[in-house]
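Engineer: Enclosed is the structure file work_28.txt (compact mmCIF, N, CA and C atoms).
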```txt
# COMPACT_ATOMS: atom_id res chain seq x y z
N MET G 112 31.95 33.41 -27.19
CA MET G 112 30.58 32.96 -27.25
C MET G 112 30.52 31.44 -27.22
N LYS G 113 31.48 30.78 -27.91
CA LYS G 113 31.50 29.32 -27.90
C LYS G 113 31.67 28.80 -26.48
N ARG G 114 32.53 29.45 -25.71
CA ARG G 114 32.81 29.02 -24.35
C ARG G 114 31.56 29.15 -23.47
N ALA G 115 30.80 30.23 -23.61
CA ALA G 115 29.58 30.43 -22.83
C ALA G 115 28.56 29.36 -23.16
N GLY G 116 28.42 29.03 -24.43
CA GLY G 116 27.47 27.98 -24.84
C GLY G 116 27.84 26.63 -24.25
N LYS G 117 29.15 26.35 -24.21
CA LYS G 117 29.62 25.08 -23.65
C LYS G 117 29.27 25.01 -22.16
N TRP G 118 29.49 26.11 -21.42
CA TRP G 118 29.20 26.11 -19.98
C TRP G 118 27.71 26.03 -19.71
N LEU G 119 26.90 26.69 -20.53
CA LEU G 119 25.44 26.60 -20.38
C LEU G 119 24.96 25.17 -20.65
N THR G 120 25.54 24.51 -21.62
CA THR G 120 25.17 23.12 -21.92
C THR G 120 25.55 22.20 -20.77
N ILE G 121 26.75 22.37 -20.24
CA ILE G 121 27.20 21.55 -19.10
C ILE G 121 26.31 21.81 -17.89
N GLY G 122 25.99 23.08 -17.62
CA GLY G 122 25.12 23.44 -16.49
C GLY G 122 23.73 22.83 -16.65
N GLY G 123 23.18 22.89 -17.85
CA GLY G 123 21.87 22.29 -18.11
C GLY G 123 21.89 20.79 -17.92
N ALA G 124 22.96 20.14 -18.38
CA ALA G 124 23.08 18.68 -18.22
C ALA G 124 23.15 18.31 -16.73
N LEU G 125 23.90 19.09 -15.96
CA LEU G 125 23.99 18.82 -14.51
C LEU G 125 22.64 18.98 -13.82
N VAL G 126 21.89 20.02 -14.20
CA VAL G 126 20.55 20.21 -13.62
C VAL G 126 19.64 19.05 -14.00
N LEU G 127 19.72 18.58 -15.24
CA LEU G 127 18.92 17.45 -15.69
C LEU G 127 19.25 16.19 -14.89
N VAL G 128 20.53 15.90 -14.72
CA VAL G 128 20.96 14.72 -13.97
C VAL G 128 20.50 14.83 -12.51
N ALA G 129 20.67 16.00 -11.91
CA ALA G 129 20.24 16.20 -10.52
C ALA G 129 18.73 16.01 -10.39
N SER G 130 17.96 16.46 -11.35
CA SER G 130 16.50 16.29 -11.32
C SER G 130 16.11 14.81 -11.40
N ILE G 131 16.77 14.08 -12.26
CA ILE G 131 16.48 12.65 -12.40
C ILE G 131 16.83 11.91 -11.12
N VAL G 132 17.98 12.20 -10.55
CA VAL G 132 18.38 11.57 -9.28
C VAL G 132 17.38 11.91 -8.18
N GLY G 133 16.96 13.16 -8.10
CA GLY G 133 15.97 13.57 -7.10
C GLY G 133 14.65 12.83 -7.27
N ALA G 134 14.19 12.69 -8.49
CA ALA G 134 12.94 11.98 -8.74
C ALA G 134 13.04 10.52 -8.34
N VAL G 135 14.16 9.88 -8.64
CA VAL G 135 14.37 8.48 -8.26
C VAL G 135 14.36 8.35 -6.74
N LEU G 136 15.01 9.25 -6.03
CA LEU G 136 15.03 9.20 -4.56
C LEU G 136 13.63 9.38 -3.97
N VAL G 137 12.83 10.25 -4.55
CA VAL G 137 11.46 10.44 -4.08
C VAL G 137 10.65 9.17 -4.28
N VAL G 138 10.76 8.55 -5.44
CA VAL G 138 10.02 7.30 -5.72
C VAL G 138 10.45 6.20 -4.75
N ILE G 139 11.73 6.08 -4.50
CA ILE G 139 12.23 5.06 -3.55
C ILE G 139 11.66 5.34 -2.15
N GLY G 140 11.64 6.59 -1.73
CA GLY G 140 11.10 6.93 -0.41
C GLY G 140 9.62 6.59 -0.29
N VAL G 141 8.84 6.86 -1.32
CA VAL G 141 7.40 6.55 -1.29
C VAL G 141 7.20 5.04 -1.22
N VAL G 142 7.92 4.29 -2.03
CA VAL G 142 7.79 2.83 -2.01
C VAL G 142 8.18 2.28 -0.65
N ARG G 143 9.24 2.80 -0.07
CA ARG G 143 9.70 2.34 1.24
C ARG G 143 8.64 2.63 2.31
N GLU G 144 8.02 3.81 2.28
CA GLU G 144 7.00 4.16 3.27
C GLU G 144 5.78 3.26 3.14
N VAL G 145 5.35 2.97 1.94
CA VAL G 145 4.19 2.10 1.75
C VAL G 145 4.50 0.69 2.23
N SER G 146 5.69 0.18 1.95
CA SER G 146 6.03 -1.16 2.43
C SER G 146 6.20 -1.17 3.94
N ASN G 147 6.70 -0.09 4.54
CA ASN G 147 6.81 0.00 6.00
C ASN G 147 5.43 0.04 6.64
N PHE G 148 4.46 0.65 5.97
CA PHE G 148 3.12 0.74 6.52
C PHE G 148 2.59 -0.66 6.81
N ASP G 149 2.75 -1.56 5.86
CA ASP G 149 2.22 -2.91 6.05
C ASP G 149 3.01 -3.66 7.12
N SER G 150 4.33 -3.51 7.16
CA SER G 150 5.12 -4.23 8.15
C SER G 150 4.98 -3.62 9.55
N ASP G 151 4.66 -2.33 9.65
CA ASP G 151 4.47 -1.67 10.94
C ASP G 151 3.03 -1.78 11.45
N SER G 152 2.15 -2.34 10.64
CA SER G 152 0.75 -2.44 11.03
C SER G 152 0.56 -3.50 12.09
N ILE G 153 -0.42 -3.26 12.95
CA ILE G 153 -0.79 -4.20 13.99
C ILE G 153 -2.26 -4.51 13.77
N ALA G 154 -2.58 -5.74 13.43
CA ALA G 154 -3.97 -6.11 13.19
C ALA G 154 -4.72 -6.21 14.51
N VAL G 155 -5.88 -5.57 14.57
CA VAL G 155 -6.71 -5.65 15.76
C VAL G 155 -7.78 -6.73 15.51
N SER G 156 -7.32 -7.94 15.42
CA SER G 156 -8.20 -9.10 15.28
C SER G 156 -7.36 -10.32 15.57
N GLY G 157 -8.00 -11.36 15.98
CA GLY G 157 -7.26 -12.57 16.28
C GLY G 157 -8.03 -13.50 17.19
N PRO G 158 -7.32 -14.44 17.82
CA PRO G 158 -7.99 -15.45 18.63
C PRO G 158 -8.75 -14.86 19.83
N GLN G 159 -8.28 -13.75 20.38
CA GLN G 159 -8.95 -13.14 21.53
C GLN G 159 -10.01 -12.12 21.08
N GLY G 160 -10.38 -12.13 19.85
CA GLY G 160 -11.34 -11.14 19.34
C GLY G 160 -10.62 -9.95 18.77
N ASN G 161 -11.27 -8.81 18.79
CA ASN G 161 -10.73 -7.60 18.19
C ASN G 161 -10.00 -6.76 19.22
N VAL G 162 -9.01 -7.39 19.87
CA VAL G 162 -8.23 -6.75 20.92
C VAL G 162 -6.76 -7.05 20.67
N VAL G 163 -5.91 -6.04 20.87
CA VAL G 163 -4.48 -6.26 20.76
C VAL G 163 -3.78 -5.42 21.83
N ASP G 164 -2.77 -6.00 22.46
CA ASP G 164 -1.92 -5.28 23.40
C ASP G 164 -0.59 -5.01 22.71
N HIS G 165 -0.12 -3.77 22.82
CA HIS G 165 1.12 -3.40 22.13
C HIS G 165 1.85 -2.33 22.93
N HIS G 166 3.18 -2.39 22.93
CA HIS G 166 3.99 -1.39 23.62
C HIS G 166 4.21 -0.20 22.69
N PHE G 167 3.87 0.99 23.18
CA PHE G 167 4.09 2.22 22.44
C PHE G 167 4.98 3.13 23.27
N GLY G 168 5.77 3.94 22.59
CA GLY G 168 6.65 4.89 23.27
C GLY G 168 5.96 6.23 23.48
N LYS G 169 6.45 6.99 24.45
CA LYS G 169 5.90 8.31 24.76
C LYS G 169 6.00 9.22 23.54
N GLY G 170 4.90 9.89 23.24
CA GLY G 170 4.88 10.81 22.10
C GLY G 170 4.62 10.14 20.77
N GLN G 171 4.55 8.82 20.74
CA GLN G 171 4.31 8.11 19.48
C GLN G 171 2.91 8.41 18.98
N LYS G 172 2.79 8.61 17.69
CA LYS G 172 1.50 8.89 17.07
C LYS G 172 1.00 7.62 16.40
N ILE G 173 -0.25 7.28 16.67
CA ILE G 173 -0.82 6.08 16.05
C ILE G 173 -2.11 6.46 15.33
N ALA G 174 -2.45 5.72 14.31
CA ALA G 174 -3.69 5.93 13.58
C ALA G 174 -4.37 4.57 13.42
N LEU G 175 -5.68 4.58 13.47
CA LEU G 175 -6.46 3.37 13.28
C LEU G 175 -7.06 3.42 11.88
N TYR G 176 -6.94 2.31 11.16
CA TYR G 176 -7.41 2.22 9.78
C TYR G 176 -8.42 1.10 9.65
N THR G 177 -9.34 1.26 8.72
CA THR G 177 -10.27 0.20 8.34
C THR G 177 -10.26 0.12 6.82
N TYR G 178 -10.89 -0.92 6.30
CA TYR G 178 -10.87 -1.10 4.85
C TYR G 178 -11.80 -0.12 4.15
N GLY G 179 -11.37 0.29 2.98
CA GLY G 179 -12.15 1.22 2.19
C GLY G 179 -11.69 1.16 0.75
N ALA G 180 -12.39 1.87 -0.09
CA ALA G 180 -12.03 1.93 -1.51
C ALA G 180 -12.36 3.32 -2.03
N ASN G 181 -11.43 3.93 -2.72
CA ASN G 181 -11.63 5.24 -3.33
C ASN G 181 -12.10 6.29 -2.32
N GLY G 182 -11.54 6.26 -1.12
CA GLY G 182 -11.87 7.24 -0.11
C GLY G 182 -13.18 7.00 0.60
N VAL G 183 -13.80 5.85 0.38
CA VAL G 183 -15.08 5.53 1.00
C VAL G 183 -14.90 4.30 1.88
N TYR G 184 -15.42 4.36 3.11
CA TYR G 184 -15.32 3.21 4.01
C TYR G 184 -16.16 2.06 3.49
N VAL G 185 -15.62 0.83 3.63
CA VAL G 185 -16.36 -0.37 3.26
C VAL G 185 -16.87 -0.97 4.56
N GLY G 186 -18.16 -0.91 4.76
CA GLY G 186 -18.75 -1.41 5.99
C GLY G 186 -18.74 -0.34 7.06
N PRO G 187 -19.21 -0.71 8.26
CA PRO G 187 -19.26 0.28 9.34
C PRO G 187 -17.87 0.63 9.85
N ILE G 188 -17.74 1.85 10.36
CA ILE G 188 -16.47 2.28 10.96
C ILE G 188 -16.38 1.67 12.35
N PRO G 189 -15.28 0.98 12.67
CA PRO G 189 -15.16 0.36 13.99
C PRO G 189 -15.20 1.39 15.12
N ASN G 190 -15.72 0.97 16.25
CA ASN G 190 -15.70 1.77 17.47
C ASN G 190 -14.60 1.19 18.33
N CYS G 191 -13.56 1.98 18.62
CA CYS G 191 -12.38 1.47 19.32
C CYS G 191 -12.09 2.27 20.58
N ALA G 192 -11.47 1.60 21.54
CA ALA G 192 -11.00 2.25 22.76
C ALA G 192 -9.52 1.91 22.93
N VAL G 193 -8.72 2.91 23.26
CA VAL G 193 -7.29 2.71 23.51
C VAL G 193 -7.05 3.02 24.98
N THR G 194 -6.62 2.00 25.73
CA THR G 194 -6.39 2.18 27.17
C THR G 194 -4.98 1.73 27.51
N GLY G 195 -4.42 2.31 28.56
CA GLY G 195 -3.07 1.95 28.97
C GLY G 195 -2.68 2.65 30.25
N PRO G 196 -1.38 2.79 30.48
CA PRO G 196 -0.90 3.39 31.72
C PRO G 196 -1.28 4.87 31.88
N ALA G 197 -1.60 5.54 30.79
CA ALA G 197 -2.01 6.94 30.85
C ALA G 197 -3.05 7.17 29.75
N PRO G 198 -3.95 8.11 29.94
CA PRO G 198 -4.92 8.39 28.88
C PRO G 198 -4.20 8.86 27.61
N VAL G 199 -4.72 8.44 26.48
CA VAL G 199 -4.16 8.89 25.20
C VAL G 199 -4.79 10.22 24.82
N ARG G 200 -4.02 11.03 24.10
CA ARG G 200 -4.54 12.31 23.62
C ARG G 200 -5.03 12.11 22.19
N PRO G 201 -6.12 12.76 21.82
CA PRO G 201 -6.56 12.65 20.43
C PRO G 201 -5.53 13.26 19.50
N GLY G 202 -5.35 12.63 18.36
CA GLY G 202 -4.43 13.16 17.35
C GLY G 202 -5.14 14.16 16.46
N LYS G 203 -4.44 14.59 15.44
CA LYS G 203 -5.02 15.54 14.49
C LYS G 203 -6.14 14.85 13.72
N ASN G 204 -7.17 15.59 13.44
CA ASN G 204 -8.33 15.07 12.73
C ASN G 204 -8.04 15.07 11.23
N VAL G 205 -7.18 14.14 10.80
CA VAL G 205 -6.77 14.05 9.40
C VAL G 205 -7.11 12.66 8.89
N THR G 206 -7.75 12.59 7.77
CA THR G 206 -8.07 11.31 7.16
C THR G 206 -7.02 11.02 6.10
N SER G 207 -6.46 9.82 6.16
CA SER G 207 -5.49 9.42 5.15
C SER G 207 -5.85 8.04 4.66
N SER G 208 -5.34 7.70 3.50
CA SER G 208 -5.60 6.37 2.95
C SER G 208 -4.32 5.84 2.33
N VAL G 209 -4.26 4.52 2.28
CA VAL G 209 -3.11 3.85 1.69
C VAL G 209 -3.59 2.54 1.10
N THR G 210 -2.95 2.12 0.02
CA THR G 210 -3.27 0.83 -0.59
C THR G 210 -2.04 -0.04 -0.51
N VAL G 211 -2.20 -1.21 0.10
CA VAL G 211 -1.12 -2.17 0.25
C VAL G 211 -1.65 -3.51 -0.21
N ASN G 212 -0.89 -4.16 -1.08
CA ASN G 212 -1.30 -5.46 -1.63
C ASN G 212 -2.71 -5.41 -2.20
N GLN G 213 -3.01 -4.35 -2.92
CA GLN G 213 -4.28 -4.14 -3.60
C GLN G 213 -5.47 -4.06 -2.66
N ARG G 214 -5.24 -3.70 -1.38
CA ARG G 214 -6.32 -3.50 -0.41
C ARG G 214 -6.18 -2.09 0.15
N SER G 215 -7.22 -1.31 0.00
CA SER G 215 -7.18 0.07 0.48
C SER G 215 -7.60 0.14 1.95
N ARG G 216 -6.94 1.04 2.66
CA ARG G 216 -7.26 1.29 4.06
C ARG G 216 -7.42 2.79 4.25
N ILE G 217 -8.40 3.18 5.09
CA ILE G 217 -8.68 4.59 5.37
C ILE G 217 -8.63 4.79 6.88
N SER G 218 -7.97 5.86 7.31
CA SER G 218 -7.89 6.12 8.75
C SER G 218 -9.23 6.65 9.25
N PHE G 219 -9.54 6.31 10.50
CA PHE G 219 -10.77 6.82 11.10
C PHE G 219 -10.54 7.41 12.49
N ALA G 220 -9.35 7.25 13.04
CA ALA G 220 -9.03 7.84 14.35
C ALA G 220 -7.51 7.91 14.49
N SER G 221 -7.04 8.88 15.29
CA SER G 221 -5.61 8.96 15.57
C SER G 221 -5.41 9.41 17.01
N TYR G 222 -4.28 9.00 17.57
CA TYR G 222 -3.98 9.28 18.97
C TYR G 222 -2.51 9.58 19.14
N VAL G 223 -2.19 10.26 20.24
CA VAL G 223 -0.81 10.49 20.63
C VAL G 223 -0.63 9.83 22.00
N ILE G 224 0.38 8.98 22.11
CA ILE G 224 0.64 8.25 23.34
C ILE G 224 1.27 9.20 24.35
N ALA G 225 0.66 9.29 25.53
CA ALA G 225 1.13 10.25 26.55
C ALA G 225 2.30 9.71 27.36
N GLU G 226 2.36 8.40 27.54
CA GLU G 226 3.39 7.81 28.40
C GLU G 226 3.74 6.44 27.84
N SER G 227 5.02 6.08 27.86
CA SER G 227 5.44 4.77 27.36
C SER G 227 4.78 3.66 28.16
N GLY G 228 4.47 2.57 27.47
CA GLY G 228 3.89 1.42 28.15
C GLY G 228 3.09 0.56 27.20
N THR G 229 2.48 -0.46 27.75
CA THR G 229 1.65 -1.36 26.96
C THR G 229 0.22 -0.86 26.97
N TYR G 230 -0.31 -0.66 25.79
CA TYR G 230 -1.66 -0.16 25.62
C TYR G 230 -2.52 -1.24 24.96
N ARG G 231 -3.79 -1.22 25.28
CA ARG G 231 -4.74 -2.17 24.70
C ARG G 231 -5.63 -1.40 23.73
N VAL G 232 -5.72 -1.92 22.52
CA VAL G 232 -6.63 -1.38 21.53
C VAL G 232 -7.73 -2.41 21.36
N ALA G 233 -8.94 -2.03 21.69
CA ALA G 233 -10.09 -2.93 21.60
C ALA G 233 -11.14 -2.28 20.71
N CYS G 234 -11.57 -3.03 19.71
CA CYS G 234 -12.56 -2.52 18.76
C CYS G 234 -13.75 -3.47 18.68
N ASP G 235 -14.88 -2.93 18.21
CA ASP G 235 -16.05 -3.79 18.06
C ASP G 235 -16.04 -4.58 16.76
N SER G 236 -15.07 -4.30 15.88
CA SER G 236 -14.88 -5.10 14.67
C SER G 236 -13.40 -5.02 14.28
N ALA G 237 -12.99 -5.91 13.41
CA ALA G 237 -11.57 -6.00 13.04
C ALA G 237 -11.10 -4.76 12.33
```
Mind converting the file's structure to structure tokens?
Structural biologist:
Amino acid sequence: MKRAGKWLTIGGALVLVASIVGAVLVVIGVVREVSNFDSDSIAVSGPQGNVVDHHFGKGQKIALYTYGANGVYVGPIPNCAVTGPAPVRPGKNVTSSVTVNQRSRISFASYVIAESGTYRVACDSA
């Protein structure tokens, strides 16, 4: 009986350690994704107005975000057009939000790039 108790204790300790390691890995992954969001973002504003040209790969999924707070858009939702070497396909109708540097952003449109090339994203506001 003593031997069984010892093995159950060791097994429980291993499960506990594995759970803690798993939780730490999940937290690191979430932090990495949020920091990548800001570094992978392309601002649609600048000296030429609310237009940006960017190279996208075939099959790449893009989403357009505007500022918001608590799931509510702040100001009007921009009207945007994405043009390039091939028509873009609409993406899934999913709304997502993310907060980076204490500024919330909410998605309002998504697209799937049909063919690699340089695409122009033009919006009526930043």
Engineer: Which one of G:Ser207, G:Gly182, G:Ala233, G:Gly160 sits closest to Thr194 of chain G if you count only N, CA and C atoms?
Structural biologist: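 For Thr194 of chain G, the nearest of the given residues is G:Ala233.
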Engineer: What is the atom C of Tyr178 of chain G to atom N of Val193 of chain G distance in Å?
Structural biologist: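 These atoms are spaced 19.6 Å apart.
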Engineer: What separation in Å, quoted to one decimal, exists between atom CA of Gly170 of chain G and atom CA of Arg214 of chain G?
Structural biologist: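 A separation of 28.9 Å between them.
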Engineer: Quick check, in Å to one decimal: how far apart do atom CA of Asp164 of chain G and atom CA of Tyr222 of chain G lie?
Structural biologist: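 We find that atom CA of Asp164 of chain G and atom CA of Tyr222 of chain G lie 15.4 Å from each other.
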Engineer: Kindly provide, as a short mmCIF file (atom, residue, chain, number, x, y, z; two decimals) with N, CA and C atoms, keeping the file's coordinate frame, the polymer residues lying within 9 Å of (-7.0, 5.7, 3.5), counting only C-alpha atoms and using the coordinates exactly as they appear in the file.
Structural biologist:
```cif
data_model
loop_
_atom_site.label_atom_id
_atom_site.label_comp_id
_atom_site.auth_asym_id
_atom_site.auth_seq_id
_atom_site.Cartn_x
_atom_site.Cartn_y
_atom_site.Cartn_z
N TYR G 176 -6.94 2.31 11.16
CA TYR G 176 -7.41 2.22 9.78
C TYR G 176 -8.42 1.10 9.65
N THR G 177 -9.34 1.26 8.72
CA THR G 177 -10.27 0.20 8.34
C THR G 177 -10.26 0.12 6.82
N TYR G 178 -10.89 -0.92 6.30
CA TYR G 178 -10.87 -1.10 4.85
C TYR G 178 -11.80 -0.12 4.15
N GLY G 179 -11.37 0.29 2.98
CA GLY G 179 -12.15 1.22 2.19
C GLY G 179 -11.69 1.16 0.75
N ALA G 180 -12.39 1.87 -0.09
CA ALA G 180 -12.03 1.93 -1.51
C ALA G 180 -12.36 3.32 -2.03
N ASN G 181 -11.43 3.93 -2.72
CA ASN G 181 -11.63 5.24 -3.33
C ASN G 181 -12.10 6.29 -2.32
N GLY G 182 -11.54 6.26 -1.12
CA GLY G 182 -11.87 7.24 -0.11
C GLY G 182 -13.18 7.00 0.60
N VAL G 183 -13.80 5.85 0.38
CA VAL G 183 -15.08 5.53 1.00
C VAL G 183 -14.90 4.30 1.88
N TYR G 184 -15.42 4.36 3.11
CA TYR G 184 -15.32 3.21 4.01
C TYR G 184 -16.16 2.06 3.49
N THR G 206 -7.75 12.59 7.77
CA THR G 206 -8.07 11.31 7.16
C THR G 206 -7.02 11.02 6.10
N SER G 207 -6.46 9.82 6.16
CA SER G 207 -5.49 9.42 5.15
C SER G 207 -5.85 8.04 4.66
N SER G 208 -5.34 7.70 3.50
CA SER G 208 -5.60 6.37 2.95
C SER G 208 -4.32 5.84 2.33
N VAL G 209 -4.26 4.52 2.28
CA VAL G 209 -3.11 3.85 1.69
C VAL G 209 -3.59 2.54 1.10
N THR G 210 -2.95 2.12 0.02
CA THR G 210 -3.27 0.83 -0.59
C THR G 210 -2.04 -0.04 -0.51
N SER G 215 -7.22 -1.31 0.00
CA SER G 215 -7.18 0.07 0.48
C SER G 215 -7.60 0.14 1.95
N ARG G 216 -6.94 1.04 2.66
CA ARG G 216 -7.26 1.29 4.06
C ARG G 216 -7.42 2.79 4.25
N ILE G 217 -8.40 3.18 5.09
CA ILE G 217 -8.68 4.59 5.37
C ILE G 217 -8.63 4.79 6.88
N SER G 218 -7.97 5.86 7.31
CA SER G 218 -7.89 6.12 8.75
C SER G 218 -9.23 6.65 9.25
N PHE G 219 -9.54 6.31 10.50
CA PHE G 219 -10.77 6.82 11.10
C PHE G 219 -10.54 7.41 12.49
#
```
Engineer: Excluding Gly168 of chain G and any residue of its chain fewer than 6 positions from it, enumerate the residues within 9 Å of it, using only C-alpha atoms, and give them as number ranges by chain.
Structural biologist: G: 224-229
Engineer: List the spatial neighbours of Ser221 of chain G as an mmCIF file with N, CA and C atoms, in the frame of the given file - criterion: any atom at most 6 Å away, only C-alpha atoms, same-chain residues fewer than 2 positions off excluded.
Structural biologist:
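Generated file (selection_22.cif):
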```cif
data_model
loop_
_atom_site.group_PDB
_atom_site.id
_atom_site.type_symbol
_atom_site.label_atom_id
_atom_site.label_comp_id
_atom_site.auth_asym_id
_atom_site.auth_seq_id
_atom_site.Cartn_x
_atom_site.Cartn_y
_atom_site.Cartn_z
ATOM 1 N N ILE G 173 -0.250 7.280 16.670
ATOM 2 C CA ILE G 173 -0.820 6.080 16.050
ATOM 3 C C ILE G 173 -2.110 6.460 15.330
ATOM 4 N N ALA G 174 -2.450 5.720 14.310
ATOM 5 C CA ALA G 174 -3.690 5.930 13.580
ATOM 6 C C ALA G 174 -4.370 4.570 13.420
ATOM 7 N N GLY G 202 -5.350 12.630 18.360
ATOM 8 C CA GLY G 202 -4.430 13.160 17.350
ATOM 9 C C GLY G 202 -5.140 14.160 16.460
#
```
Engineer: N, CA, C and O atoms are what I want for segment 165-178 of chain G; can you complete it accordingly and write them as a PDB file, in the frame of the given file?
Structural biologist:
```
ATOM      1  N   HIS G 165      -0.120  -3.770  22.820  1.00  0.00           N
ATOM      2  CA  HIS G 165       1.120  -3.400  22.130  1.00  0.00           C
ATOM      3  C   HIS G 165       1.850  -2.330  22.930  1.00  0.00           C
ATOM      4  O   HIS G 165       1.220  -1.459  23.527  1.00  0.00           O
ATOM      5  N   HIS G 166       3.180  -2.390  22.930  1.00  0.00           N
ATOM      6  CA  HIS G 166       3.990  -1.390  23.620  1.00  0.00           C
ATOM      7  C   HIS G 166       4.210  -0.200  22.690  1.00  0.00           C
ATOM      8  O   HIS G 166       4.676  -0.360  21.562  1.00  0.00           O
ATOM      9  N   PHE G 167       3.870   0.990  23.180  1.00  0.00           N
ATOM     10  CA  PHE G 167       4.090   2.220  22.440  1.00  0.00           C
ATOM     11  C   PHE G 167       4.980   3.130  23.270  1.00  0.00           C
ATOM     12  O   PHE G 167       4.957   3.099  24.496  1.00  0.00           O
ATOM     13  N   GLY G 168       5.770   3.940  22.590  1.00  0.00           N
ATOM     14  CA  GLY G 168       6.650   4.890  23.270  1.00  0.00           C
ATOM     15  C   GLY G 168       5.960   6.230  23.480  1.00  0.00           C
ATOM     16  O   GLY G 168       5.031   6.600  22.764  1.00  0.00           O
ATOM     17  N   LYS G 169       6.450   6.990  24.450  1.00  0.00           N
ATOM     18  CA  LYS G 169       5.900   8.310  24.760  1.00  0.00           C
ATOM     19  C   LYS G 169       6.000   9.220  23.540  1.00  0.00           C
ATOM     20  O   LYS G 169       7.029   9.285  22.881  1.00  0.00           O
ATOM     21  N   GLY G 170       4.900   9.890  23.240  1.00  0.00           N
ATOM     22  CA  GLY G 170       4.880  10.810  22.100  1.00  0.00           C
ATOM     23  C   GLY G 170       4.620  10.140  20.770  1.00  0.00           C
ATOM     24  O   GLY G 170       4.482  10.825  19.752  1.00  0.00           O
ATOM     25  N   GLN G 171       4.550   8.820  20.740  1.00  0.00           N
ATOM     26  CA  GLN G 171       4.310   8.110  19.480  1.00  0.00           C
ATOM     27  C   GLN G 171       2.910   8.410  18.980  1.00  0.00           C
ATOM     28  O   GLN G 171       1.951   8.496  19.756  1.00  0.00           O
ATOM     29  N   LYS G 172       2.790   8.610  17.690  1.00  0.00           N
ATOM     30  CA  LYS G 172       1.500   8.890  17.070  1.00  0.00           C
ATOM     31  C   LYS G 172       1.000   7.620  16.400  1.00  0.00           C
ATOM     32  O   LYS G 172       1.754   6.971  15.675  1.00  0.00           O
ATOM     33  N   ILE G 173      -0.250   7.280  16.670  1.00  0.00           N
ATOM     34  CA  ILE G 173      -0.820   6.080  16.050  1.00  0.00           C
ATOM     35  C   ILE G 173      -2.110   6.460  15.330  1.00  0.00           C
ATOM     36  O   ILE G 173      -2.779   7.443  15.696  1.00  0.00           O
ATOM     37  N   ALA G 174      -2.450   5.720  14.310  1.00  0.00           N
ATOM     38  CA  ALA G 174      -3.690   5.930  13.580  1.00  0.00           C
ATOM     39  C   ALA G 174      -4.370   4.570  13.420  1.00  0.00           C
ATOM     40  O   ALA G 174      -3.700   3.551  13.271  1.00  0.00           O
ATOM     41  N   LEU G 175      -5.680   4.580  13.470  1.00  0.00           N
ATOM     42  CA  LEU G 175      -6.460   3.370  13.280  1.00  0.00           C
ATOM     43  C   LEU G 175      -7.060   3.420  11.880  1.00  0.00           C
ATOM     44  O   LEU G 175      -7.609   4.440  11.461  1.00  0.00           O
ATOM     45  N   TYR G 176      -6.940   2.310  11.160  1.00  0.00           N
ATOM     46  CA  TYR G 176      -7.410   2.220   9.780  1.00  0.00           C
ATOM     47  C   TYR G 176      -8.420   1.100   9.650  1.00  0.00           C
ATOM     48  O   TYR G 176      -8.353   0.097  10.354  1.00  0.00           O
ATOM     49  N   THR G 177      -9.340   1.260   8.720  1.00  0.00           N
ATOM     50  CA  THR G 177     -10.270   0.200   8.340  1.00  0.00           C
ATOM     51  C   THR G 177     -10.260   0.120   6.820  1.00  0.00           C
ATOM     52  O   THR G 177      -9.712   0.980   6.144  1.00  0.00           O
ATOM     53  N   TYR G 178     -10.890  -0.920   6.300  1.00  0.00           N
ATOM     54  CA  TYR G 178     -10.870  -1.100   4.850  1.00  0.00           C
ATOM     55  C   TYR G 178     -11.800  -0.120   4.150  1.00  0.00           C
ATOM     56  O   TYR G 178     -12.849   0.244   4.678  1.00  0.00           O
TER      57      TYR G 178
END
```
